[in-house]
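A.B. asks: This is query-v4.cif (mmCIF, C-alpha atoms and all ligand atoms).
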```cif
data_target
loop_
_atom_site.label_atom_id
_atom_site.label_comp_id
_atom_site.auth_asym_id
_atom_site.auth_seq_id
_atom_site.Cartn_x
_atom_site.Cartn_y
_atom_site.Cartn_z
CA MET A 45 80.75 112.42 72.88
CA SER A 46 78.31 109.83 71.56
CA ALA A 47 74.63 110.61 72.12
CA ASP A 48 74.42 107.34 74.00
CA LEU A 49 76.69 108.76 76.70
CA ASP A 50 75.04 112.20 76.95
CA SER A 51 72.81 111.03 79.76
CA ILE A 52 75.83 110.10 81.89
CA GLN A 53 76.39 113.30 83.81
CA CYS A 54 78.15 111.94 86.87
CA VAL A 55 79.83 108.74 88.03
CA GLU A 56 76.61 107.66 89.74
CA ASP A 57 74.84 107.73 86.34
CA ALA A 58 77.52 105.43 84.96
CA ARG A 59 77.09 103.17 87.97
CA GLN A 60 73.35 102.87 87.41
CA ARG A 61 73.87 102.03 83.76
CA ALA A 62 76.58 99.51 84.65
CA ARG A 63 74.16 97.78 86.99
CA ARG A 64 71.71 97.27 84.12
CA ARG A 65 74.32 96.00 81.65
CA VAL A 66 76.44 93.55 83.60
CA PRO A 67 75.34 90.16 85.00
CA LYS A 68 74.56 90.50 88.70
CA MET A 69 77.42 88.29 89.88
CA PHE A 70 80.01 90.46 88.11
CA TYR A 71 78.31 93.74 89.01
CA ASP A 72 78.26 92.66 92.67
CA PHE A 73 81.89 91.61 92.41
CA VAL A 74 82.73 95.22 91.61
CA ASP A 75 80.24 97.04 93.74
CA SER A 76 80.48 95.40 97.11
CA GLY A 77 82.81 95.43 100.08
CA SER A 78 83.95 92.68 102.40
CA TRP A 79 82.09 91.62 105.56
CA SER A 80 79.48 94.27 106.38
CA GLY A 81 80.73 96.73 103.75
CA ALA A 82 81.37 99.32 106.47
CA THR A 83 84.82 100.31 105.20
CA TYR A 84 83.55 100.49 101.63
CA ALA A 85 80.87 102.95 102.78
CA ALA A 86 83.31 104.82 105.05
CA ASN A 87 85.65 105.51 102.12
CA GLU A 88 82.89 107.42 100.35
CA SER A 89 81.50 109.18 103.41
CA ALA A 90 84.93 110.28 104.68
CA PHE A 91 85.41 112.24 101.47
CA ALA A 92 81.84 113.52 101.44
CA ARG A 93 82.21 114.87 105.00
CA LEU A 94 85.01 117.24 103.96
CA LYS A 95 83.48 120.59 103.11
CA PHE A 96 84.99 123.23 100.89
CA ARG A 97 85.93 126.74 101.74
CA GLN A 98 84.30 128.84 99.02
CA ARG A 99 86.25 131.92 98.04
CA ILE A 100 85.10 134.85 95.94
CA GLY A 101 86.76 137.75 94.21
CA ARG A 102 89.75 135.72 93.03
CA ASN A 103 91.28 135.29 89.60
CA ILE A 104 90.18 131.86 88.45
CA ALA A 105 90.91 132.20 84.72
CA GLN A 106 92.81 129.45 82.88
CA ALA A 107 92.44 126.82 85.57
CA ASP A 108 94.44 123.67 84.97
CA ALA A 109 93.86 120.24 86.54
CA SER A 110 97.04 118.65 85.21
CA THR A 111 100.00 117.63 87.34
CA THR A 112 102.85 115.15 87.38
CA LEU A 113 102.72 111.65 88.82
CA LEU A 114 106.08 109.96 89.39
CA GLY A 115 107.66 112.68 87.32
CA ARG A 116 105.42 112.15 84.28
CA GLN A 117 102.82 114.67 83.08
CA ALA A 118 99.22 113.61 83.83
CA ALA A 119 96.03 115.33 82.67
CA LEU A 120 94.57 114.87 86.17
CA PRO A 121 96.03 113.90 89.56
CA LEU A 122 94.65 110.44 88.90
CA ALA A 123 95.69 107.03 87.67
CA ILE A 124 93.38 104.13 86.92
CA ALA A 125 93.64 101.66 89.82
CA PRO A 126 94.57 98.02 89.21
CA THR A 127 91.42 95.93 89.19
CA GLY A 128 91.55 92.18 88.69
CA LEU A 129 88.98 90.45 86.50
CA ALA A 130 87.88 93.69 84.83
CA GLY A 131 87.65 91.61 81.66
CA PHE A 132 84.63 89.85 83.15
CA VAL A 133 82.89 93.14 83.72
CA TRP A 134 83.26 93.99 80.04
CA PRO A 135 85.04 92.10 77.24
CA ASP A 136 88.63 93.23 76.58
CA ALA A 137 88.28 95.63 79.50
CA GLU A 138 91.94 96.19 80.19
CA ILE A 139 92.72 96.99 76.55
CA LEU A 140 89.80 99.45 76.42
CA GLY A 141 90.69 101.00 79.78
CA ALA A 142 94.34 101.50 78.87
CA ARG A 143 93.37 103.06 75.54
CA ALA A 144 90.89 105.43 77.19
CA ALA A 145 93.40 106.39 79.89
CA HIS A 146 96.07 107.02 77.30
CA ARG A 147 93.77 109.13 75.11
CA PHE A 148 92.81 111.18 78.16
CA GLY A 149 96.36 111.44 79.49
CA VAL A 150 96.50 109.49 82.75
CA PRO A 151 98.41 106.32 83.72
CA TYR A 152 96.66 102.96 83.55
CA SER A 153 97.49 100.32 86.17
CA LEU A 154 97.21 96.72 85.06
CA SER A 155 96.38 94.13 87.70
CA ILE A 156 98.29 90.87 87.79
CA GLY A 157 94.77 89.39 87.82
CA SER A 158 93.74 91.07 84.58
CA VAL A 159 92.00 89.09 81.89
CA CYS A 160 93.94 90.59 78.98
CA PRO A 161 97.68 89.90 79.10
CA LEU A 162 100.15 92.72 79.63
CA GLU A 163 101.68 92.42 76.15
CA GLU A 164 98.29 92.78 74.44
CA VAL A 165 97.36 95.77 76.55
CA ARG A 166 100.67 97.35 75.57
CA ARG A 167 100.12 96.53 71.89
CA HIS A 168 96.91 98.58 71.95
CA SER A 169 98.19 101.55 73.92
CA ASP A 170 101.56 103.20 74.30
CA GLY A 171 100.55 105.48 77.19
CA PRO A 172 101.98 105.29 80.72
CA LEU A 173 101.35 101.81 82.09
CA TRP A 174 101.87 100.72 85.71
CA MET A 175 102.04 97.00 86.48
CA GLN A 176 100.58 95.66 89.74
CA VAL A 177 101.92 92.55 91.43
CA SER A 178 101.86 90.92 94.86
CA LEU A 179 104.52 88.96 96.72
CA LEU A 180 104.07 85.39 95.49
CA LYS A 181 105.49 82.04 96.47
CA ASP A 182 106.21 81.34 92.79
CA GLN A 183 109.27 83.57 92.61
CA ALA A 184 110.25 82.35 89.13
CA TYR A 185 106.89 83.50 87.78
CA LEU A 186 106.94 86.78 89.73
CA HIS A 187 110.44 87.71 88.54
CA ALA A 188 109.55 86.78 84.96
CA LEU A 189 106.44 88.99 85.20
CA VAL A 190 108.54 91.87 86.48
CA GLY A 191 110.85 91.32 83.48
CA ARG A 192 107.83 91.32 81.16
CA ALA A 193 106.69 94.59 82.71
CA ARG A 194 110.14 96.08 82.08
CA ASP A 195 110.14 94.81 78.46
CA ALA A 196 106.66 96.27 77.95
CA GLY A 197 107.94 99.68 79.07
CA CYS A 198 105.87 99.88 82.27
CA GLU A 199 106.82 103.02 84.13
CA ALA A 200 106.10 101.82 87.65
CA LEU A 201 105.56 98.62 89.55
CA ILE A 202 102.74 98.61 92.10
CA LEU A 203 103.29 96.14 94.91
CA THR A 204 100.00 95.41 96.65
CA MET A 205 100.73 94.49 100.26
CA ASP A 206 97.21 93.93 101.60
CA TYR A 207 96.27 90.89 99.54
CA HIS A 208 97.92 88.13 101.53
CA VAL A 209 94.68 87.09 103.14
CA ALA A 210 91.42 87.30 101.27
CA GLY A 211 88.75 89.63 102.69
CA ARG A 212 85.49 87.86 103.53
CA ARG A 213 83.39 88.63 100.49
CA TYR A 214 80.02 87.13 101.30
CA CYS A 215 78.38 88.59 98.23
CA ASP A 216 80.65 86.70 95.82
CA ALA A 217 80.17 83.49 97.76
CA ARG A 218 76.39 83.88 97.65
CA ASN A 219 76.53 84.52 93.90
CA GLY A 220 78.63 81.38 93.41
CA LEU A 221 81.57 83.35 92.03
CA ALA A 222 84.32 80.84 92.57
CA LEU A 223 87.57 79.52 91.19
CA PRO A 224 87.41 77.29 89.21
CA PRO A 225 83.99 78.54 88.03
CA ARG A 226 80.96 76.51 89.14
CA ARG A 227 78.07 76.34 86.76
CA SER A 228 74.50 76.57 87.96
CA LEU A 229 71.10 77.31 86.47
CA ARG A 230 70.94 80.50 88.52
CA GLN A 231 74.20 81.69 87.00
CA ALA A 232 73.05 80.81 83.47
CA VAL A 233 69.90 82.89 84.00
CA ASP A 234 72.02 85.72 85.39
CA LEU A 235 74.36 85.69 82.35
CA LEU A 236 71.50 85.50 79.86
CA SER A 237 69.87 88.52 81.47
CA ALA A 238 72.73 90.58 80.00
CA PRO A 239 72.62 89.66 76.26
CA ARG A 240 74.97 92.42 75.14
CA TRP A 241 77.56 91.28 77.68
CA CYS A 242 77.13 87.66 76.49
CA LEU A 243 77.66 88.63 72.85
CA GLY A 244 80.80 90.53 73.74
CA MET A 245 82.12 87.60 75.73
CA LEU A 246 81.45 85.21 72.86
CA ARG A 247 83.39 87.48 70.51
CA THR A 248 86.50 87.95 72.65
CA ALA A 249 89.39 85.53 73.05
CA HIS A 250 90.13 86.93 76.54
CA ARG A 251 88.30 84.88 79.14
CA GLY A 252 91.01 83.75 81.54
CA PHE A 253 93.85 85.23 83.59
CA GLY A 254 96.01 86.36 80.72
CA ASN A 255 99.06 87.30 82.77
CA VAL A 256 99.31 83.92 84.41
CA ILE A 257 97.78 81.20 82.24
CA GLY A 258 100.47 79.99 79.85
CA HIS A 259 103.15 81.85 81.85
CA ALA A 260 103.34 80.27 85.32
CA LYS A 261 104.68 76.73 85.38
CA GLY A 262 101.90 74.16 85.06
CA VAL A 263 99.15 76.77 84.66
CA THR A 264 97.36 76.02 81.43
CA ASP A 265 93.68 76.65 82.17
CA LEU A 266 91.27 77.96 84.82
CA ALA A 267 91.41 74.74 86.84
CA SER A 268 95.22 74.72 87.07
CA PHE A 269 95.14 78.49 87.68
CA ALA A 270 92.81 77.92 90.64
CA ARG A 271 95.22 75.37 92.16
CA TRP A 272 98.23 77.65 91.57
CA HIS A 273 96.44 80.71 92.97
CA ALA A 274 95.33 78.94 96.14
CA ASP A 275 98.98 78.22 96.96
CA GLN A 276 100.44 81.66 96.18
CA PHE A 277 99.64 83.67 99.30
CA VAL A 278 102.90 84.50 101.08
CA LEU A 279 102.35 84.71 104.83
CA ASP A 280 105.91 84.84 106.19
CA ILE A 281 106.25 88.39 104.94
CA ASP A 282 109.02 90.84 105.74
CA TRP A 283 110.27 94.11 104.25
CA LYS A 284 113.41 92.39 102.92
CA GLN A 285 111.18 90.75 100.30
CA VAL A 286 110.09 94.20 99.19
CA GLU A 287 113.72 95.32 98.97
CA ARG A 288 114.57 92.28 96.85
CA LEU A 289 111.65 92.85 94.51
CA LYS A 290 112.65 96.47 94.10
CA ALA A 291 116.18 95.31 93.16
CA VAL A 292 114.77 92.86 90.59
CA TRP A 293 112.54 95.60 89.13
CA GLY A 294 115.02 98.47 89.31
CA GLY A 295 112.43 101.16 88.54
CA PRO A 296 109.89 103.27 90.45
CA LEU A 297 108.03 101.22 93.05
CA ILE A 298 104.61 102.06 94.48
CA VAL A 299 103.67 100.19 97.67
CA LYS A 300 99.89 99.88 97.85
CA GLY A 301 97.78 99.08 100.89
CA VAL A 302 99.40 101.47 103.37
CA LEU A 303 97.06 102.53 106.20
CA ASP A 304 99.57 103.22 108.93
CA ALA A 305 102.24 105.92 109.25
CA GLU A 306 104.79 103.46 110.65
CA ASP A 307 104.31 101.14 107.66
CA ALA A 308 104.67 104.10 105.32
CA LEU A 309 108.16 104.75 106.67
CA LEU A 310 109.11 101.06 106.51
CA ALA A 311 107.92 100.92 102.90
CA ILE A 312 110.10 103.92 102.01
CA GLU A 313 113.08 102.32 103.76
CA ALA A 314 112.47 99.20 101.67
CA GLY A 315 112.66 101.25 98.48
CA ALA A 316 109.18 102.59 97.77
CA ASP A 317 109.18 105.71 95.62
CA ALA A 318 105.47 106.21 96.14
CA LEU A 319 102.75 104.84 98.40
CA SER A 320 99.11 104.24 97.88
CA VAL A 321 97.09 104.81 101.02
CA SER A 322 94.45 102.18 100.44
CA ASN A 323 92.14 99.61 101.96
CA GLN A 324 91.43 98.20 98.47
CA GLY A 325 88.13 100.02 98.32
CA GLY A 326 86.84 98.21 101.41
CA ARG A 327 87.31 94.79 99.79
CA GLN A 328 89.85 93.48 102.29
CA LEU A 329 89.81 94.37 106.01
CA ASP A 330 86.35 95.64 106.82
CA GLY A 331 86.52 97.86 109.90
CA ALA A 332 89.73 99.44 108.66
CA PRO A 333 89.60 103.24 108.58
CA ALA A 334 88.64 105.08 105.44
CA ALA A 335 91.61 105.93 103.25
CA ALA A 336 90.87 109.67 103.53
CA GLU A 337 90.82 109.43 107.33
CA VAL A 338 94.38 108.11 107.62
CA LEU A 339 95.82 110.05 104.70
CA PRO A 340 96.88 113.21 106.64
CA SER A 341 98.86 111.26 109.25
CA ILE A 342 100.68 109.37 106.49
CA VAL A 343 101.42 112.50 104.47
CA ASP A 344 102.80 114.04 107.66
CA ALA A 345 105.02 111.08 108.47
CA VAL A 346 106.33 110.77 104.91
CA GLY A 347 107.30 114.44 104.84
CA GLY A 348 107.80 114.58 101.08
CA ARG A 349 110.16 111.59 100.86
CA ALA A 350 107.75 109.71 98.57
CA GLU A 351 104.70 110.59 96.51
CA VAL A 352 101.57 109.73 98.42
CA LEU A 353 98.60 108.53 96.40
CA VAL A 354 95.27 107.56 97.89
CA ASP A 355 92.46 105.32 96.75
CA GLY A 356 89.07 104.28 98.01
CA GLY A 357 85.81 106.11 97.55
CA VAL A 358 86.76 108.56 94.80
CA ARG A 359 83.44 109.09 93.07
CA CYS A 360 83.68 112.63 91.75
CA GLY A 361 86.13 115.35 90.83
CA GLN A 362 85.46 116.98 94.19
CA ASP A 363 86.98 113.94 95.90
CA ILE A 364 90.18 114.45 93.92
CA VAL A 365 90.36 118.05 95.17
CA ARG A 366 89.70 116.80 98.71
CA ALA A 367 92.47 114.17 98.41
CA CYS A 368 94.95 116.77 97.14
CA ALA A 369 93.89 119.14 99.93
CA LEU A 370 94.77 116.42 102.45
CA GLY A 371 98.23 116.17 100.90
CA ALA A 372 97.90 113.41 98.30
CA ARG A 373 99.81 113.75 95.06
CA GLY A 374 96.89 112.10 93.33
CA VAL A 375 94.30 109.34 93.50
CA LEU A 376 93.79 105.89 92.06
CA ALA A 377 90.27 105.43 90.72
CA GLY A 378 88.92 101.88 91.03
CA ARG A 379 85.18 101.51 90.74
CA ALA A 380 84.76 104.83 88.92
CA TRP A 381 86.57 103.51 85.85
CA LEU A 382 84.81 100.15 86.04
CA TYR A 383 81.40 101.87 86.10
CA GLY A 384 82.38 103.88 83.01
CA LEU A 385 83.63 100.74 81.31
CA ALA A 386 80.48 98.76 81.99
CA ALA A 387 78.32 101.70 81.01
CA GLY A 388 79.92 102.27 77.64
CA GLY A 389 83.22 100.47 76.98
CA GLU A 390 86.19 102.65 76.03
CA PRO A 391 84.10 105.82 75.42
CA GLY A 392 82.42 105.19 78.78
CA VAL A 393 85.79 105.23 80.57
CA HIS A 394 86.76 108.37 78.69
CA ARG A 395 83.43 109.96 79.62
CA VAL A 396 83.99 109.26 83.32
CA LEU A 397 87.47 110.80 83.13
CA GLN A 398 86.04 113.90 81.45
CA ILE A 399 83.37 114.19 84.14
CA LEU A 400 85.97 113.93 86.89
CA ARG A 401 88.02 116.69 85.27
CA GLN A 402 85.01 118.99 84.78
CA GLU A 403 83.95 118.47 88.39
CA MET A 404 87.47 119.04 89.62
CA LEU A 405 87.88 122.27 87.64
CA SER A 406 84.60 123.76 88.81
CA THR A 407 85.38 122.88 92.42
CA MET A 408 88.82 124.49 92.11
CA ALA A 409 87.17 127.62 90.70
CA PHE A 410 84.70 127.84 93.61
CA CYS A 411 87.61 127.45 96.02
CA GLY A 412 89.58 130.16 94.23
CA VAL A 413 92.52 128.02 93.05
CA ARG A 414 93.79 127.63 89.52
CA THR A 415 96.37 124.85 89.64
CA VAL A 416 96.79 121.54 91.41
CA ALA A 417 99.87 122.94 93.15
CA ASP A 418 97.64 125.65 94.66
CA ILE A 419 95.36 123.07 96.31
CA GLY A 420 96.15 122.72 99.98
CA PRO A 421 94.43 122.35 103.34
CA HIS A 422 93.20 125.94 102.96
CA VAL A 423 90.59 124.83 100.38
CA LEU A 424 88.78 122.86 103.08
CA TRP A 425 86.36 124.51 105.47
CA GLU A 426 87.37 123.62 108.97
CA GLY A 427 84.54 125.26 110.85
CA PRO A 428 83.49 122.33 113.02
CA ALA A 429 87.12 121.39 113.72
CA ARG A 430 87.77 124.94 114.87
CA ALA A 431 84.63 124.83 116.99
CA GLU A 432 85.74 121.54 118.55
CA ARG A 433 89.13 122.99 119.40
CA ALA A 434 87.45 126.00 120.97
CA MET A 435 85.20 123.69 123.01
CA GLU A 436 88.27 121.74 124.15
CA ARG A 437 89.87 125.00 125.26
CA GLY A 438 86.74 125.56 127.31
CA ALA A 439 85.69 128.57 125.34
CA GLY A 440 82.25 127.03 125.00
CA GLN A 441 81.63 128.96 121.82
CA TRP A 442 83.12 129.42 118.37
CA GLY A 443 86.76 130.37 118.75
C1 LIG B 1 86.62 94.73 91.08
C2 LIG B 1 87.88 95.17 91.76
C3 LIG B 1 89.05 94.43 91.62
C4 LIG B 1 90.23 94.84 92.24
N1 LIG B 1 91.38 94.14 92.04
C5 LIG B 1 92.55 94.59 92.55
C6 LIG B 1 93.77 93.97 92.23
O1 LIG B 1 93.82 93.02 91.46
N2 LIG B 1 94.91 94.45 92.81
C7 LIG B 1 94.89 95.55 93.63
O2 LIG B 1 95.94 95.98 94.14
N3 LIG B 1 93.73 96.17 93.94
C8 LIG B 1 92.58 95.72 93.40
N4 LIG B 1 91.42 96.39 93.66
C9 LIG B 1 91.45 97.58 94.51
C10 LIG B 1 91.72 98.84 93.67
O3 LIG B 1 93.01 98.87 93.14
C11 LIG B 1 91.54 100.10 94.52
O4 LIG B 1 92.33 99.99 95.67
C12 LIG B 1 90.07 100.31 94.94
O5 LIG B 1 89.21 99.94 93.90
C13 LIG B 1 89.86 101.78 95.29
O6 LIG B 1 88.57 101.97 95.76
P1 LIG B 1 87.37 102.52 94.84
O7 LIG B 1 86.92 101.36 94.03
O8 LIG B 1 86.36 102.94 95.85
O9 LIG B 1 87.92 103.63 93.98
C14 LIG B 1 90.23 95.99 93.05
C15 LIG B 1 89.05 96.73 93.19
C16 LIG B 1 87.90 96.34 92.55
C17 LIG B 1 86.65 97.18 92.71
#
```
Spit out the file's structure as structure tokens when you get a sec.
Ligand SMILES: Cc1cc2nc3c(=O)[nH]c(=O)nc-3n(C[C@H](O)[C@H](O)[C@H](O)COP(=O)(O)O)c2cc1C
C.D. replies:
Amino acid sequence: MSADLDSIQCVEDARQRARRRVPKMFYDFVDSGSWSGATYAANESAFARLKFRQRIGRNIAQADASTTLLGRQAALPLAIAPTGLAGFVWPDAEILGARAAHRFGVPYSLSIGSVCPLEEVRRHSDGPLWMQVSLLKDQAYLHALVGRARDAGCEALILTMDYHVAGRRYCDARNGLALPPRRSLRQAVDLLSAPRWCLGMLRTAHRGFGNVIGHAKGVTDLASFARWHADQFVLDIDWKQVERLKAVWGGPLIVKGVLDAEDALLAIEAGADALSVSNQGGRQLDGAPAAAEVLPSIVDAVGGRAEVLVDGGVRCGQDIVRACALGARGVLAGRAWLYGLAAGGEPGVHRVLQILRQEMLSTMAFCGVRTVADIGPHVLWEGPARAERAMERGAGQWG
């Protein structure tokens, strides 16, 4: 580990450093939720509320945090979540993130809205890559992108289903973050306050939407991208469209944005091999429940017919243990990887992944489990829940 990263001991340390290194408008873009930010906060607090059941006197030698995700070995029950515009948080972000994920041994998900194009990301990393798309009106482009993902050897397609209306993101509007970009003195001052970021941006050729510009018909620059993007939101949605996309793709499909058990079953009927229980990190519907709150009901309904992933609020290795205890196969980490990236580029992402693993392993040891398969509801302390049940039974005291 470089000495520069020694002081990053937890994801929060990376977040603090990211805040100092990235222009405010891009830092805020990452680290804010929609509307009041209540769901963003709830994602974190729902995990934090879950307490562990400490066990002693158990064999905890040779603990192992690895697992499989969609049948492929992963060093942690974690994949990097798709995050659009990461390349504005740090130059060449998606290339660096994919390389770090590959070196560490977890899948990297590339957003359709990434700055670096899919083919370049693939050229720099041959690890497991998942491609994220949405249902788009421009079917010719969407199908071509799915073909590109197949040609690039992507192992799964993530279909994000909660991005058909944009969440009200006041923070971005206040910061003037708009498409096409508007230039103001305030923004110039903001950018110049992060000289290292500016230098990196001057050096890189990746400053657009690499998966779309030059690929979708008539999209040649940011201005034409903005016009194309504004017209892409499909509103007359039905599950048949998901079935058709699955047929075009022909590989493992992850439906992302599931917050309801009924939708989970419909997604599986439409061909989903895995689901991501997600409210996009509180960036879309504020007031939606925390991902961890709805996870158990979805795991229950799915009954093992699909892998259930969860994302939103994963900020430490303990949260990964909590997610697995609630029945998730693994988590997608969004902001955690972006904090690492902004704190220290590729080594910063790797550092965050190492921290998550160390935290996960020590938590497993305290709970007396040695493998991911051993993590279950029994690692969570359910004292208050038991007390509540006893109260409901009228016992009036701890049952
Ligand atoms: C800056 C940023 C951009 C995102 N862009 C996308 C995207 O393009 N597609 C998508 O499906 N989800 C996107 N997400 C949501 C993430 O995939 C994931 O659901 C969320 O970040 C999980 O919450 P967490 O950040 O608390 O870990 C984005 C999240 C962030 C923070």
A.B. asks: Identify the residues around (112.9, 96.2, 91.4) within a radius of 10 Å, measuring from all atoms listed in the file in the coordinates stated by the file, and give them as a PyMOL selection string.
C.D. replies: chain A and resi 187+190-191+194+200-201+286-297+315-316
A.B. asks: What are the nearest atom pairs, with distances in Å to one decimal, for all residues of chain A that come at most 8 Å from ligand LIG 1 (chain B), using all atoms listed in the file, set out by chain and rising residue number as a Markdown table?
C.D. replies:
```
| residue | atom | partner | partner_atom | distance |
| --- | --- | --- | --- | --- |
| A:Phe73 | CA | B:LIG1 | C1 | 5.8 |
| A:Val74 | CA | B:LIG1 | C1 | 4.0 |
| A:Asp75 | CA | B:LIG1 | C17 | 6.5 |
| A:Ser76 | CA | B:LIG1 | C17 | 7.8 |
| A:Tyr84 | CA | B:LIG1 | O8 | 6.9 |
| A:Asn87 | CA | B:LIG1 | O8 | 6.8 |
| A:Glu88 | CA | B:LIG1 | O8 | 7.2 |
| A:Ala125 | CA | B:LIG1 | O3 | 4.4 |
| A:Pro126 | CA | B:LIG1 | O3 | 4.3 |
| A:Thr127 | CA | B:LIG1 | N1 | 3.4 |
| A:Gly128 | CA | B:LIG1 | O1 | 3.7 |
| A:Leu129 | CA | B:LIG1 | C3 | 6.5 |
| A:Ala130 | CA | B:LIG1 | C1 | 6.5 |
| A:Ser155 | CA | B:LIG1 | O1 | 4.7 |
| A:Ile156 | CA | B:LIG1 | O1 | 6.2 |
| A:Gly157 | CA | B:LIG1 | O1 | 5.2 |
| A:Ser158 | CA | B:LIG1 | O1 | 7.2 |
| A:Gln176 | CA | B:LIG1 | O2 | 6.4 |
| A:Val177 | CA | B:LIG1 | N2 | 7.4 |
| A:Ser178 | CA | B:LIG1 | O2 | 7.8 |
| A:Ile202 | CA | B:LIG1 | O2 | 7.6 |
| A:Leu203 | CA | B:LIG1 | O2 | 7.4 |
| A:Thr204 | CA | B:LIG1 | O2 | 4.8 |
| A:Met205 | CA | B:LIG1 | O2 | 7.9 |
| A:Asp206 | CA | B:LIG1 | O2 | 7.8 |
| A:Tyr207 | CA | B:LIG1 | O2 | 7.4 |
| A:Lys300 | CA | B:LIG1 | O2 | 6.7 |
| A:Gly301 | CA | B:LIG1 | O4 | 7.6 |
| A:Ser322 | CA | B:LIG1 | O4 | 5.7 |
| A:Asn323 | CA | B:LIG1 | O4 | 6.3 |
| A:Gln324 | CA | B:LIG1 | O4 | 3.4 |
| A:Gly325 | CA | B:LIG1 | O6 | 3.2 |
| A:Gly326 | CA | B:LIG1 | O6 | 7.0 |
| A:Arg327 | CA | B:LIG1 | C15 | 7.1 |
| A:Asp355 | CA | B:LIG1 | C13 | 4.6 |
| A:Gly356 | CA | B:LIG1 | O6 | 3.3 |
| A:Gly357 | CA | B:LIG1 | O8 | 3.6 |
| A:Val358 | CA | B:LIG1 | O9 | 5.1 |
| A:Arg359 | CA | B:LIG1 | O9 | 7.1 |
| A:Leu376 | CA | B:LIG1 | C13 | 6.5 |
| A:Ala377 | CA | B:LIG1 | O9 | 4.4 |
| A:Gly378 | CA | B:LIG1 | O5 | 3.5 |
| A:Arg379 | CA | B:LIG1 | O7 | 3.7 |
| A:Ala380 | CA | B:LIG1 | O9 | 6.1 |
| A:Leu382 | CA | B:LIG1 | C17 | 7.5 |
```
A.B. asks: Using all atoms listed in the file, pick whichever of A:Leu303, A:Leu236, A:Val159, A:Ala123 has the shortest atom-to-atom distance to Ala145 of chain A.
C.D. replies: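 Counting all atoms listed in the file, the residue closest to Ala145 of chain A is A:Ala123.
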A.B. asks: What is the atom CA of Ala409 of chain A-atom CA of Arg99 of chain A distance in Å, reported with one decimal?
C.D. replies: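 Interatomic distance, atom CA of Ala409 of chain A to atom CA of Arg99 of chain A: 8.6 Å.
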A.B. asks: I'd like to know which of A:Leu223, A:Ile298, A:Gly348, A:Ala335 is closest to Trp174 of chain A, using only C-alpha atoms.
C.D. replies: A:Ile298
A.B. asks: Env of segment 214-222 of chain A: 12 Å cut, atoms = all atoms listed in the file, seq-sep filter 5 positions within chain, self excluded. Answer as a ChimeraX atom specification.
C.D. replies: /A:67-81,129,132,227-232,234-235,266-267,270,274,327-328,330
A.B. asks: What gap, in Å, lies between atom CA of Ser268 of chain A and atom CA of Pro224 of chain A?
C.D. replies: 8.5 Å
A.B. asks: Go through A:His422, A:His208, A:Arg64, A:Arg147 one by one, measure the shortest atom-to-atom distance of each to Asp280 of chain A using only C-alpha atoms, and give the residue with the smallest value.
C.D. replies: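 The answer is A:His208, which sits nearest to Asp280 of chain A.
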A.B. asks: With a distance cut-off of 10 Å and all atoms listed in the file, select the neighbouring residues of Gln402 of chain A, excluding the residue or stretch itself and same-chain residues fewer than 3 positions from it, and output the selection as a ChimeraX atom specification.
C.D. replies: /A:109,360-362,396-399,405-408
A.B. asks: Next, the residues of the selection above should be written as a short mmCIF file (atom, residue, chain, number, x, y, z; two decimals), keeping the file's coordinate frame with C-alpha atoms.
C.D. replies:
```
data_model
loop_
_atom_site.label_atom_id
_atom_site.label_comp_id
_atom_site.auth_asym_id
_atom_site.auth_seq_id
_atom_site.Cartn_x
_atom_site.Cartn_y
_atom_site.Cartn_z
CA ALA A 109 93.86 120.24 86.54
CA CYS A 360 83.68 112.63 91.75
CA GLY A 361 86.13 115.35 90.83
CA GLN A 362 85.46 116.98 94.19
CA VAL A 396 83.99 109.26 83.32
CA LEU A 397 87.47 110.80 83.13
CA GLN A 398 86.04 113.90 81.45
CA ILE A 399 83.37 114.19 84.14
CA LEU A 405 87.88 122.27 87.64
CA SER A 406 84.60 123.76 88.81
CA THR A 407 85.38 122.88 92.42
CA MET A 408 88.82 124.49 92.11
#
```
A.B. asks: Between atom CA of His168 of chain A and atom CA of Leu49 of chain A, what is the distance, to one decimal in Å?
C.D. replies: 23.1 Å
A.B. asks: If we count all atoms listed in the file and set the cut-off at 7 Å, which residues sit around segment 342-345 of chain A, ignoring sequence neighbours fewer than 3 positions away in its own chain? Please answer as a list in words.
C.D. replies: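 So, after excluding close chain neighbours, the residues are Asp304, Ala305, Ala308, Val338, Leu339, Val352 and Gly371 of chain A.
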A.B. asks: I'd like the neighbourhood of Ala105 of chain A as a list of chain:residue names, where a residue qualifies if any of its atoms comes within 10 Å (using all atoms listed in the file), though same-chain residues fewer than 4 positions away should be ignored.
C.D. replies: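 Surrounding residues, per the criterion: A:Ala409, A:Gly412, A:Val413, A:Arg414.
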A.B. asks: Check the smallest atom-to-atom distance from each of A:Gly211, A:Pro340, A:Gly389, A:Gly115 to Ile139 of chain A using all atoms listed in the file, then report the winner.
C.D. replies: A:Gly389
A.B. asks: Show which residues sit within 10 Å of segment 253-257 of chain A, as an MDAnalysis selection string. Count only C-alpha atoms, and ignore same-chain residues fewer than 3 positions away.
C.D. replies: chainID A and resid 128:129 131 154:164 185:186 189 192 250 260:266 268:269 272:273
A.B. asks: Using all atoms listed in the file, can you tell me which of A:Leu120, A:Lys284, A:Pro135, A:Val209 comes closest to Arg240 of chain A?
C.D. replies: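 Among the listed residues, A:Pro135 lies closest to Arg240 of chain A.
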A.B. asks: Go through A:Glu313, A:Pro151, A:Leu122, A:Arg65 one by one, measure the shortest atom-to-atom distance of each to Cys242 of chain A using only C-alpha atoms, and give the residue with the smallest value.
C.D. replies: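 With only C-alpha atoms as the atom set, the closest residue is A:Arg65.
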